[in-house]
Amino acid sequence: MTSVARPRASVRRIRVGEGPLLRALRIESLTDAPAAFGQTIVEALGREDAEWEAMATAAASGDDRTWLLAIAPGPDGSRRAVGTVTGKRRLDGTLLVFSMWVAPDQRGRGVGRALVDAVERWGRGWGARRTLLWVFVANEGARRFYETLGFARETGTDDARAGAGFDAVVLTRSIAPGRVRARRGG
């Protein structure tokens, strides 16, 4: 029997009008991994629809903040959102990455790597020189994933001290010109 390769996920920026999609993905991520984020499902469910739309609109353009979506084909040929990542510009030239999530059935298929590549590509567009993120100590799978991408633990910094207060470690890596791959798909 011959296996058929599934098409890879593509990554795109959230669009104005996609507040409901953003909300659905956030609820899905919090249901899947409630201890992996700094927000509870109760807090997310308590947000008004207008707040979700405002977040999508604010992240849909510009270089202050972005919310990226991984879109993959489903078994029936339809396309569905299977992952998210948020990037925020810091004044010191650092790209802050948070709210990264990949649907369980898409893990191990390159979706997480594609999201990190895409958010760093966005950061390079405004001159980011390094990427920084926090991972809860208990989330060993996420920490190992980031380490395979070349992220290293940072200690002794304000960011490291801030993370320690939430039982999180800070991971960073430089954004080298050759590291961020060209975009695939659309």
# chains A, B, ... in the order shown; residues from 1 in each chain; ligands from 1
call {"tool": "residues_around", "arguments": {"residues": "stretch 150-162 of chain A", "least_positions_apart": "2", "cutoff": "12 Å", "atoms": "only C-alpha atoms", "output": "count of residues only"}}
result
33
call {"tool": "residues_around", "arguments": {"residues": "A:Gly123", "least_positions_apart": "6", "cutoff": "8 Å", "atoms": "only C-alpha atoms", "output": "PDB file with C-alpha atoms, in the first residue's frame"}}
result
ATOM      1  CA  ASP A  63       4.116  46.010  12.530  1.00  0.00           C
ATOM      2  CA  GLY A  87       3.958  38.157  17.614  1.00  0.00           C
ATOM      3  CA  ARG A  89       7.103  44.126  18.538  1.00  0.00           C
ATOM      4  CA  LEU A  95      10.055  39.850  18.661  1.00  0.00           C
TER       5      LEU A  95
END
call {"tool": "select_by_dssp", "arguments": {"residues": "stretch 54-182 of chain A", "states": "strand (DSSP E)", "output": "PDB file with N, CA, C and O atoms, in the first residue's frame"}}
result
ATOM      1  N   ARG A  65       1.858  44.310  16.113  1.00  0.00           N
ATOM      2  CA  ARG A  65       1.361  43.026  16.591  1.00  0.00           C
ATOM      3  C   ARG A  65       0.796  42.253  15.402  1.00  0.00           C
ATOM      4  O   ARG A  65       0.224  42.835  14.494  1.00  0.00           O
ATOM      5  N   THR A  66       0.951  40.936  15.452  1.00  0.00           N
ATOM      6  CA  THR A  66       0.325  40.087  14.448  1.00  0.00           C
ATOM      7  C   THR A  66      -0.218  38.830  15.104  1.00  0.00           C
ATOM      8  O   THR A  66       0.263  38.411  16.154  1.00  0.00           O
ATOM      9  N   TRP A  67      -1.218  38.272  14.501  1.00  0.00           N
ATOM     10  CA  TRP A  67      -1.739  36.969  14.891  1.00  0.00           C
ATOM     11  C   TRP A  67      -1.774  36.162  13.612  1.00  0.00           C
ATOM     12  O   TRP A  67      -2.450  36.542  12.652  1.00  0.00           O
ATOM     13  N   LEU A  68      -1.009  35.078  13.570  1.00  0.00           N
ATOM     14  CA  LEU A  68      -0.910  34.254  12.370  1.00  0.00           C
ATOM     15  C   LEU A  68      -1.678  32.951  12.563  1.00  0.00           C
ATOM     16  O   LEU A  68      -1.750  32.418  13.677  1.00  0.00           O
ATOM     17  N   LEU A  69      -2.217  32.450  11.459  1.00  0.00           N
ATOM     18  CA  LEU A  69      -2.993  31.216  11.468  1.00  0.00           C
ATOM     19  C   LEU A  69      -2.351  30.202  10.540  1.00  0.00           C
ATOM     20  O   LEU A  69      -1.944  30.547   9.428  1.00  0.00           O
ATOM     21  N   ALA A  70      -2.281  28.964  10.979  1.00  0.00           N
ATOM     22  CA  ALA A  70      -1.874  27.863  10.111  1.00  0.00           C
ATOM     23  C   ALA A  70      -3.154  27.242   9.563  1.00  0.00           C
ATOM     24  O   ALA A  70      -4.068  26.919  10.321  1.00  0.00           O
ATOM     25  N   ILE A  71      -3.201  27.112   8.247  1.00  0.00           N
ATOM     26  CA  ILE A  71      -4.383  26.581   7.576  1.00  0.00           C
ATOM     27  C   ILE A  71      -3.974  25.293   6.853  1.00  0.00           C
ATOM     28  O   ILE A  71      -3.010  25.290   6.092  1.00  0.00           O
ATOM     29  N   ALA A  72      -4.717  24.228   7.101  1.00  0.00           N
ATOM     30  CA  ALA A  72      -4.380  22.929   6.501  1.00  0.00           C
ATOM     31  C   ALA A  72      -5.619  22.312   5.870  1.00  0.00           C
ATOM     32  O   ALA A  72      -6.745  22.567   6.310  1.00  0.00           O
ATOM     33  N   PRO A  73      -5.410  21.484   4.864  1.00  0.00           N
ATOM     34  CA  PRO A  73      -6.550  20.797   4.259  1.00  0.00           C
ATOM     35  C   PRO A  73      -7.070  19.711   5.187  1.00  0.00           C
ATOM     36  O   PRO A  73      -6.294  19.002   5.828  1.00  0.00           O
ATOM     37  N   ARG A  79     -10.528  23.492   3.981  1.00  0.00           N
ATOM     38  CA  ARG A  79      -9.365  24.020   4.691  1.00  0.00           C
ATOM     39  C   ARG A  79      -9.817  24.501   6.055  1.00  0.00           C
ATOM     40  O   ARG A  79     -10.876  25.093   6.186  1.00  0.00           O
ATOM     41  N   ARG A  80      -8.987  24.235   7.062  1.00  0.00           N
ATOM     42  CA  ARG A  80      -9.344  24.641   8.416  1.00  0.00           C
ATOM     43  C   ARG A  80      -8.116  25.194   9.127  1.00  0.00           C
ATOM     44  O   ARG A  80      -6.978  24.820   8.824  1.00  0.00           O
ATOM     45  N   ALA A  81      -8.363  26.067  10.078  1.00  0.00           N
ATOM     46  CA  ALA A  81      -7.284  26.618  10.889  1.00  0.00           C
ATOM     47  C   ALA A  81      -6.851  25.549  11.890  1.00  0.00           C
ATOM     48  O   ALA A  81      -7.685  24.985  12.595  1.00  0.00           O
ATOM     49  N   VAL A  82      -5.531  25.289  11.934  1.00  0.00           N
ATOM     50  CA  VAL A  82      -5.009  24.219  12.793  1.00  0.00           C
ATOM     51  C   VAL A  82      -3.905  24.701  13.728  1.00  0.00           C
ATOM     52  O   VAL A  82      -3.294  23.904  14.431  1.00  0.00           O
ATOM     53  N   GLY A  83      -3.661  26.002  13.741  1.00  0.00           N
ATOM     54  CA  GLY A  83      -2.623  26.522  14.623  1.00  0.00           C
ATOM     55  C   GLY A  83      -2.620  28.037  14.627  1.00  0.00           C
ATOM     56  O   GLY A  83      -3.143  28.676  13.708  1.00  0.00           O
ATOM     57  N   THR A  84      -2.051  28.589  15.694  1.00  0.00           N
ATOM     58  CA  THR A  84      -1.962  30.045  15.827  1.00  0.00           C
ATOM     59  C   THR A  84      -0.652  30.417  16.515  1.00  0.00           C
ATOM     60  O   THR A  84      -0.069  29.625  17.252  1.00  0.00           O
ATOM     61  N   VAL A  85      -0.241  31.644  16.279  1.00  0.00           N
ATOM     62  CA  VAL A  85       0.868  32.234  17.017  1.00  0.00           C
ATOM     63  C   VAL A  85       0.680  33.747  16.988  1.00  0.00           C
ATOM     64  O   VAL A  85       0.176  34.294  16.011  1.00  0.00           O
ATOM     65  N   THR A  86       1.068  34.382  18.063  1.00  0.00           N
ATOM     66  CA  THR A  86       1.011  35.836  18.145  1.00  0.00           C
ATOM     67  C   THR A  86       2.428  36.378  18.235  1.00  0.00           C
ATOM     68  O   THR A  86       3.271  35.804  18.930  1.00  0.00           O
ATOM     69  N   GLY A  87       2.684  37.463  17.535  1.00  0.00           N
ATOM     70  CA  GLY A  87       3.958  38.157  17.614  1.00  0.00           C
ATOM     71  C   GLY A  87       3.719  39.605  17.996  1.00  0.00           C
ATOM     72  O   GLY A  87       2.756  40.229  17.537  1.00  0.00           O
ATOM     73  N   LYS A  88       4.584  40.119  18.844  1.00  0.00           N
ATOM     74  CA  LYS A  88       4.480  41.508  19.276  1.00  0.00           C
ATOM     75  C   LYS A  88       5.846  42.159  19.191  1.00  0.00           C
ATOM     76  O   LYS A  88       6.851  41.578  19.598  1.00  0.00           O
ATOM     77  N   ARG A  89       5.866  43.369  18.678  1.00  0.00           N
ATOM     78  CA  ARG A  89       7.103  44.126  18.538  1.00  0.00           C
ATOM     79  C   ARG A  89       7.445  44.802  19.871  1.00  0.00           C
ATOM     80  O   ARG A  89       6.617  45.465  20.471  1.00  0.00           O
ATOM     81  N   THR A  94      13.233  43.288  19.713  1.00  0.00           N
ATOM     82  CA  THR A  94      12.923  41.901  20.044  1.00  0.00           C
ATOM     83  C   THR A  94      11.513  41.571  19.599  1.00  0.00           C
ATOM     84  O   THR A  94      10.588  42.346  19.796  1.00  0.00           O
ATOM     85  N   LEU A  95      11.357  40.393  19.016  1.00  0.00           N
ATOM     86  CA  LEU A  95      10.055  39.850  18.661  1.00  0.00           C
ATOM     87  C   LEU A  95       9.595  38.986  19.829  1.00  0.00           C
ATOM     88  O   LEU A  95      10.243  37.986  20.150  1.00  0.00           O
ATOM     89  N   LEU A  96       8.513  39.375  20.457  1.00  0.00           N
ATOM     90  CA  LEU A  96       7.921  38.592  21.539  1.00  0.00           C
ATOM     91  C   LEU A  96       6.887  37.659  20.936  1.00  0.00           C
ATOM     92  O   LEU A  96       5.976  38.105  20.230  1.00  0.00           O
ATOM     93  N   VAL A  97       7.041  36.361  21.163  1.00  0.00           N
ATOM     94  CA  VAL A  97       6.140  35.347  20.618  1.00  0.00           C
ATOM     95  C   VAL A  97       5.349  34.737  21.769  1.00  0.00           C
ATOM     96  O   VAL A  97       5.915  34.398  22.806  1.00  0.00           O
ATOM     97  N   PHE A  98       4.045  34.608  21.564  1.00  0.00           N
ATOM     98  CA  PHE A  98       3.205  33.988  22.589  1.00  0.00           C
ATOM     99  C   PHE A  98       1.943  33.420  21.950  1.00  0.00           C
ATOM    100  O   PHE A  98       1.702  33.592  20.757  1.00  0.00           O
ATOM    101  N   SER A  99       1.174  32.711  22.765  1.00  0.00           N
ATOM    102  CA  SER A  99      -0.079  32.085  22.331  1.00  0.00           C
ATOM    103  C   SER A  99       0.109  31.131  21.148  1.00  0.00           C
ATOM    104  O   SER A  99      -0.760  31.009  20.293  1.00  0.00           O
ATOM    105  N   MET A 100       1.226  30.442  21.123  1.00  0.00           N
ATOM    106  CA  MET A 100       1.497  29.449  20.072  1.00  0.00           C
ATOM    107  C   MET A 100       0.731  28.181  20.398  1.00  0.00           C
ATOM    108  O   MET A 100       0.768  27.687  21.527  1.00  0.00           O
ATOM    109  N   TRP A 101       0.039  27.669  19.390  1.00  0.00           N
ATOM    110  CA  TRP A 101      -0.715  26.426  19.572  1.00  0.00           C
ATOM    111  C   TRP A 101      -0.887  25.738  18.234  1.00  0.00           C
ATOM    112  O   TRP A 101      -1.112  26.392  17.210  1.00  0.00           O
ATOM    113  N   VAL A 102      -0.792  24.407  18.251  1.00  0.00           N
ATOM    114  CA  VAL A 102      -1.025  23.576  17.070  1.00  0.00           C
ATOM    115  C   VAL A 102      -2.001  22.475  17.470  1.00  0.00           C
ATOM    116  O   VAL A 102      -1.843  21.840  18.521  1.00  0.00           O
ATOM    117  N   ARG A 130      16.019  39.422  17.391  1.00  0.00           N
ATOM    118  CA  ARG A 130      15.927  38.190  18.170  1.00  0.00           C
ATOM    119  C   ARG A 130      14.469  37.914  18.517  1.00  0.00           C
ATOM    120  O   ARG A 130      13.628  38.804  18.489  1.00  0.00           O
ATOM    121  N   THR A 131      14.216  36.650  18.828  1.00  0.00           N
ATOM    122  CA  THR A 131      12.886  36.188  19.233  1.00  0.00           C
ATOM    123  C   THR A 131      12.960  35.767  20.690  1.00  0.00           C
ATOM    124  O   THR A 131      13.926  35.124  21.110  1.00  0.00           O
ATOM    125  N   LEU A 132      11.937  36.118  21.446  1.00  0.00           N
ATOM    126  CA  LEU A 132      11.855  35.773  22.860  1.00  0.00           C
ATOM    127  C   LEU A 132      10.471  35.202  23.131  1.00  0.00           C
ATOM    128  O   LEU A 132       9.472  35.697  22.588  1.00  0.00           O
ATOM    129  N   LEU A 133      10.419  34.163  23.952  1.00  0.00           N
ATOM    130  CA  LEU A 133       9.136  33.594  24.374  1.00  0.00           C
ATOM    131  C   LEU A 133       9.292  32.965  25.739  1.00  0.00           C
ATOM    132  O   LEU A 133      10.404  32.675  26.178  1.00  0.00           O
ATOM    133  N   TRP A 134       8.191  32.809  26.415  1.00  0.00           N
ATOM    134  CA  TRP A 134       8.165  32.124  27.699  1.00  0.00           C
ATOM    135  C   TRP A 134       7.451  30.792  27.518  1.00  0.00           C
ATOM    136  O   TRP A 134       6.495  30.689  26.746  1.00  0.00           O
ATOM    137  N   VAL A 135       7.924  29.780  28.246  1.00  0.00           N
ATOM    138  CA  VAL A 135       7.281  28.466  28.277  1.00  0.00           C
ATOM    139  C   VAL A 135       7.164  28.063  29.736  1.00  0.00           C
ATOM    140  O   VAL A 135       8.133  28.163  30.499  1.00  0.00           O
ATOM    141  N   PHE A 136       5.974  27.620  30.130  1.00  0.00           N
ATOM    142  CA  PHE A 136       5.800  27.135  31.494  1.00  0.00           C
ATOM    143  C   PHE A 136       6.706  25.932  31.712  1.00  0.00           C
ATOM    144  O   PHE A 136       6.854  25.077  30.828  1.00  0.00           O
ATOM    145  N   ALA A 152      17.354  28.908  23.116  1.00  0.00           N
ATOM    146  CA  ALA A 152      18.130  28.567  24.315  1.00  0.00           C
ATOM    147  C   ALA A 152      17.561  29.319  25.512  1.00  0.00           C
ATOM    148  O   ALA A 152      17.048  30.435  25.374  1.00  0.00           O
ATOM    149  N   ARG A 153      17.702  28.717  26.661  1.00  0.00           N
ATOM    150  CA  ARG A 153      17.212  29.332  27.897  1.00  0.00           C
ATOM    151  C   ARG A 153      18.055  30.543  28.250  1.00  0.00           C
ATOM    152  O   ARG A 153      19.281  30.518  28.153  1.00  0.00           O
ATOM    153  N   GLU A 154      17.382  31.597  28.650  1.00  0.00           N
ATOM    154  CA  GLU A 154      18.051  32.828  29.071  1.00  0.00           C
ATOM    155  C   GLU A 154      17.902  32.944  30.586  1.00  0.00           C
ATOM    156  O   GLU A 154      16.812  32.722  31.112  1.00  0.00           O
ATOM    157  N   ALA A 168       7.736  29.982  34.668  1.00  0.00           N
ATOM    158  CA  ALA A 168       8.034  29.865  33.241  1.00  0.00           C
ATOM    159  C   ALA A 168       9.508  30.187  33.012  1.00  0.00           C
ATOM    160  O   ALA A 168      10.125  30.919  33.789  1.00  0.00           O
ATOM    161  N   VAL A 169      10.055  29.636  31.951  1.00  0.00           N
ATOM    162  CA  VAL A 169      11.417  29.951  31.549  1.00  0.00           C
ATOM    163  C   VAL A 169      11.351  30.773  30.271  1.00  0.00           C
ATOM    164  O   VAL A 169      10.403  30.660  29.484  1.00  0.00           O
ATOM    165  N   VAL A 170      12.357  31.612  30.075  1.00  0.00           N
ATOM    166  CA  VAL A 170      12.414  32.410  28.862  1.00  0.00           C
ATOM    167  C   VAL A 170      13.396  31.746  27.904  1.00  0.00           C
ATOM    168  O   VAL A 170      14.468  31.303  28.299  1.00  0.00           O
ATOM    169  N   LEU A 171      12.979  31.630  26.645  1.00  0.00           N
ATOM    170  CA  LEU A 171      13.812  31.063  25.592  1.00  0.00           C
ATOM    171  C   LEU A 171      13.994  32.128  24.514  1.00  0.00           C
ATOM    172  O   LEU A 171      13.059  32.867  24.202  1.00  0.00           O
ATOM    173  N   THR A 172      15.206  32.193  23.962  1.00  0.00           N
ATOM    174  CA  THR A 172      15.486  33.180  22.922  1.00  0.00           C
ATOM    175  C   THR A 172      16.329  32.550  21.818  1.00  0.00           C
ATOM    176  O   THR A 172      16.974  31.517  22.015  1.00  0.00           O
ATOM    177  N   ARG A 173      16.321  33.195  20.676  1.00  0.00           N
ATOM    178  CA  ARG A 173      17.263  32.893  19.613  1.00  0.00           C
ATOM    179  C   ARG A 173      17.371  34.134  18.736  1.00  0.00           C
ATOM    180  O   ARG A 173      16.440  34.941  18.655  1.00  0.00           O
ATOM    181  N   SER A 174      18.520  34.259  18.107  1.00  0.00           N
ATOM    182  CA  SER A 174      18.685  35.390  17.195  1.00  0.00           C
ATOM    183  C   SER A 174      17.948  35.087  15.903  1.00  0.00           C
ATOM    184  O   SER A 174      17.732  33.936  15.549  1.00  0.00           O
TER     185      SER A 174
END
call {"tool": "atom_distance", "arguments": {"atom1": "atom CA of A:Arg90", "atom2": "atom CA of A:Arg107"}}
result
28.9 Å
call {"tool": "select_by_dssp", "arguments": {"residues": "stretch 13-98 of chain A", "states": "alpha helix (DSSP H)", "output": "number ranges by chain"}}
result
A: 19-32, 41-45, 49-59
call {"tool": "atom_distance", "arguments": {"atom1": "atom CA of A:Leu25", "atom2": "atom CA of A:Ala56"}}
result
12.0 Å
call {"tool": "atom_distance", "arguments": {"atom1": "atom CA of A:Asp117", "atom2": "atom CA of A:Gly62"}}
result
18.1 Å
call {"tool": "closest_residue", "arguments": {"among": "A:Ala138, A:Val119, A:Met55, A:Ala128", "to": "A:Phe37", "atoms": "only C-alpha atoms"}}
result
A:Ala138
call {"tool": "closest_residue", "arguments": {"among": "A:Glu51, A:Gly141, A:Gly163, A:Gly110", "to": "A:Gly17", "atoms": "only C-alpha atoms"}}
result
A:Glu51
call {"tool": "decode", "arguments": {"residues": "stretch 93-124 of chain A", "atoms": "N, CA, C and O atoms", "output": "JSON list (two decimals), in the first residue's frame"}}
result
[["chain", "number", "residue", "atom", "x", "y", "z"],
["A", 93, "GLY", "N", 13.90, 45.92, 19.58],
["A", 93, "GLY", "CA", 14.19, 45.09, 18.42],
["A", 93, "GLY", "C", 13.96, 43.61, 18.66],
["A", 93, "GLY", "O", 14.42, 42.77, 17.89],
["A", 94, "THR", "N", 13.23, 43.29, 19.71],
["A", 94, "THR", "CA", 12.92, 41.90, 20.04],
["A", 94, "THR", "C", 11.51, 41.57, 19.60],
["A", 94, "THR", "O", 10.59, 42.35, 19.80],
["A", 95, "LEU", "N", 11.36, 40.39, 19.02],
["A", 95, "LEU", "CA", 10.06, 39.85, 18.66],
["A", 95, "LEU", "C", 9.59, 38.99, 19.83],
["A", 95, "LEU", "O", 10.24, 37.99, 20.15],
["A", 96, "LEU", "N", 8.51, 39.37, 20.46],
["A", 96, "LEU", "CA", 7.92, 38.59, 21.54],
["A", 96, "LEU", "C", 6.89, 37.66, 20.94],
["A", 96, "LEU", "O", 5.98, 38.11, 20.23],
["A", 97, "VAL", "N", 7.04, 36.36, 21.16],
["A", 97, "VAL", "CA", 6.14, 35.35, 20.62],
["A", 97, "VAL", "C", 5.35, 34.74, 21.77],
["A", 97, "VAL", "O", 5.92, 34.40, 22.81],
["A", 98, "PHE", "N", 4.04, 34.61, 21.56],
["A", 98, "PHE", "CA", 3.20, 33.99, 22.59],
["A", 98, "PHE", "C", 1.94, 33.42, 21.95],
["A", 98, "PHE", "O", 1.70, 33.59, 20.76],
["A", 99, "SER", "N", 1.17, 32.71, 22.77],
["A", 99, "SER", "CA", -0.08, 32.08, 22.33],
["A", 99, "SER", "C", 0.11, 31.13, 21.15],
["A", 99, "SER", "O", -0.76, 31.01, 20.29],
["A", 100, "MET", "N", 1.23, 30.44, 21.12],
["A", 100, "MET", "CA", 1.50, 29.45, 20.07],
["A", 100, "MET", "C", 0.73, 28.18, 20.40],
["A", 100, "MET", "O", 0.77, 27.69, 21.53],
["A", 101, "TRP", "N", 0.04, 27.67, 19.39],
["A", 101, "TRP", "CA", -0.72, 26.43, 19.57],
["A", 101, "TRP", "C", -0.89, 25.74, 18.23],
["A", 101, "TRP", "O", -1.11, 26.39, 17.21],
["A", 102, "VAL", "N", -0.79, 24.41, 18.25],
["A", 102, "VAL", "CA", -1.03, 23.58, 17.07],
["A", 102, "VAL", "C", -2.00, 22.48, 17.47],
["A", 102, "VAL", "O", -1.84, 21.84, 18.52],
["A", 103, "ALA", "N", -3.01, 22.25, 16.63],
["A", 103, "ALA", "CA", -4.01, 21.21, 16.90],
["A", 103, "ALA", "C", -3.31, 19.86, 17.07],
["A", 103, "ALA", "O", -2.35, 19.56, 16.36],
["A", 104, "PRO", "N", -3.78, 19.05, 18.01],
["A", 104, "PRO", "CA", -3.12, 17.76, 18.27],
["A", 104, "PRO", "C", -2.93, 16.90, 17.03],
["A", 104, "PRO", "O", -1.88, 16.26, 16.88],
["A", 105, "ASP", "N", -3.90, 16.86, 16.11],
["A", 105, "ASP", "CA", -3.76, 16.01, 14.93],
["A", 105, "ASP", "C", -2.78, 16.57, 13.91],
["A", 105, "ASP", "O", -2.46, 15.90, 12.92],
["A", 106, "GLN", "N", -2.24, 17.77, 14.16],
["A", 106, "GLN", "CA", -1.28, 18.38, 13.24],
["A", 106, "GLN", "C", 0.13, 18.43, 13.81],
["A", 106, "GLN", "O", 1.06, 18.83, 13.13],
["A", 107, "ARG", "N", 0.29, 18.03, 15.05],
["A", 107, "ARG", "CA", 1.62, 18.07, 15.68],
["A", 107, "ARG", "C", 2.53, 17.05, 15.01],
["A", 107, "ARG", "O", 2.11, 15.96, 14.63],
["A", 108, "GLY", "N", 3.79, 17.44, 14.86],
["A", 108, "GLY", "CA", 4.76, 16.56, 14.21],
["A", 108, "GLY", "C", 4.72, 16.63, 12.70],
["A", 108, "GLY", "O", 5.40, 15.86, 12.03],
["A", 109, "ARG", "N", 3.98, 17.56, 12.14],
["A", 109, "ARG", "CA", 3.83, 17.69, 10.69],
["A", 109, "ARG", "C", 4.45, 18.98, 10.16],
["A", 109, "ARG", "O", 4.20, 19.36, 9.01],
["A", 110, "GLY", "N", 5.20, 19.69, 10.99],
["A", 110, "GLY", "CA", 5.85, 20.91, 10.54],
["A", 110, "GLY", "C", 5.04, 22.19, 10.71],
["A", 110, "GLY", "O", 5.49, 23.26, 10.34],
["A", 111, "VAL", "N", 3.85, 22.08, 11.30],
["A", 111, "VAL", "CA", 3.00, 23.26, 11.47],
["A", 111, "VAL", "C", 3.63, 24.24, 12.46],
["A", 111, "VAL", "O", 3.67, 25.44, 12.20],
["A", 112, "GLY", "N", 4.13, 23.75, 13.58],
["A", 112, "GLY", "CA", 4.75, 24.63, 14.56],
["A", 112, "GLY", "C", 5.96, 25.36, 13.99],
["A", 112, "GLY", "O", 6.12, 26.57, 14.16],
["A", 113, "ARG", "N", 6.79, 24.63, 13.28],
["A", 113, "ARG", "CA", 7.97, 25.23, 12.64],
["A", 113, "ARG", "C", 7.54, 26.29, 11.63],
["A", 113, "ARG", "O", 8.11, 27.36, 11.55],
["A", 114, "ALA", "N", 6.49, 25.99, 10.86],
["A", 114, "ALA", "CA", 6.00, 26.96, 9.87],
["A", 114, "ALA", "C", 5.48, 28.23, 10.55],
["A", 114, "ALA", "O", 5.70, 29.34, 10.05],
["A", 115, "LEU", "N", 4.82, 28.07, 11.68],
["A", 115, "LEU", "CA", 4.33, 29.24, 12.42],
["A", 115, "LEU", "C", 5.49, 30.08, 12.95],
["A", 115, "LEU", "O", 5.48, 31.31, 12.83],
["A", 116, "VAL", "N", 6.51, 29.43, 13.51],
["A", 116, "VAL", "CA", 7.67, 30.18, 14.02],
["A", 116, "VAL", "C", 8.39, 30.87, 12.87],
["A", 116, "VAL", "O", 8.76, 32.05, 12.97],
["A", 117, "ASP", "N", 8.60, 30.17, 11.77],
["A", 117, "ASP", "CA", 9.24, 30.79, 10.60],
["A", 117, "ASP", "C", 8.46, 32.01, 10.13],
["A", 117, "ASP", "O", 9.04, 33.06, 9.82],
["A", 118, "ALA", "N", 7.14, 31.88, 10.07],
["A", 118, "ALA", "CA", 6.31, 32.97, 9.56],
["A", 118, "ALA", "C", 6.31, 34.17, 10.50],
["A", 118, "ALA", "O", 6.39, 35.32, 10.05],
["A", 119, "VAL", "N", 6.24, 33.93, 11.80],
["A", 119, "VAL", "CA", 6.22, 35.07, 12.73],
["A", 119, "VAL", "C", 7.59, 35.75, 12.73],
["A", 119, "VAL", "O", 7.68, 36.98, 12.83],
["A", 120, "GLU", "N", 8.67, 35.00, 12.56],
["A", 120, "GLU", "CA", 9.99, 35.63, 12.47],
["A", 120, "GLU", "C", 10.16, 36.38, 11.15],
["A", 120, "GLU", "O", 10.80, 37.42, 11.11],
["A", 121, "ARG", "N", 9.56, 35.88, 10.10],
["A", 121, "ARG", "CA", 9.59, 36.60, 8.83],
["A", 121, "ARG", "C", 8.89, 37.96, 9.00],
["A", 121, "ARG", "O", 9.37, 38.98, 8.53],
["A", 122, "TRP", "N", 7.76, 37.96, 9.68],
["A", 122, "TRP", "CA", 7.05, 39.21, 9.99],
["A", 122, "TRP", "C", 7.96, 40.13, 10.81],
["A", 122, "TRP", "O", 8.08, 41.31, 10.52],
["A", 123, "GLY", "N", 8.61, 39.58, 11.83],
["A", 123, "GLY", "CA", 9.51, 40.38, 12.67],
["A", 123, "GLY", "C", 10.68, 40.96, 11.90],
["A", 123, "GLY", "O", 11.06, 42.11, 12.10],
["A", 124, "ARG", "N", 11.25, 40.17, 11.00],
["A", 124, "ARG", "CA", 12.36, 40.69, 10.19],
["A", 124, "ARG", "C", 11.91, 41.88, 9.35],
["A", 124, "ARG", "O", 12.71, 42.77, 9.06]]
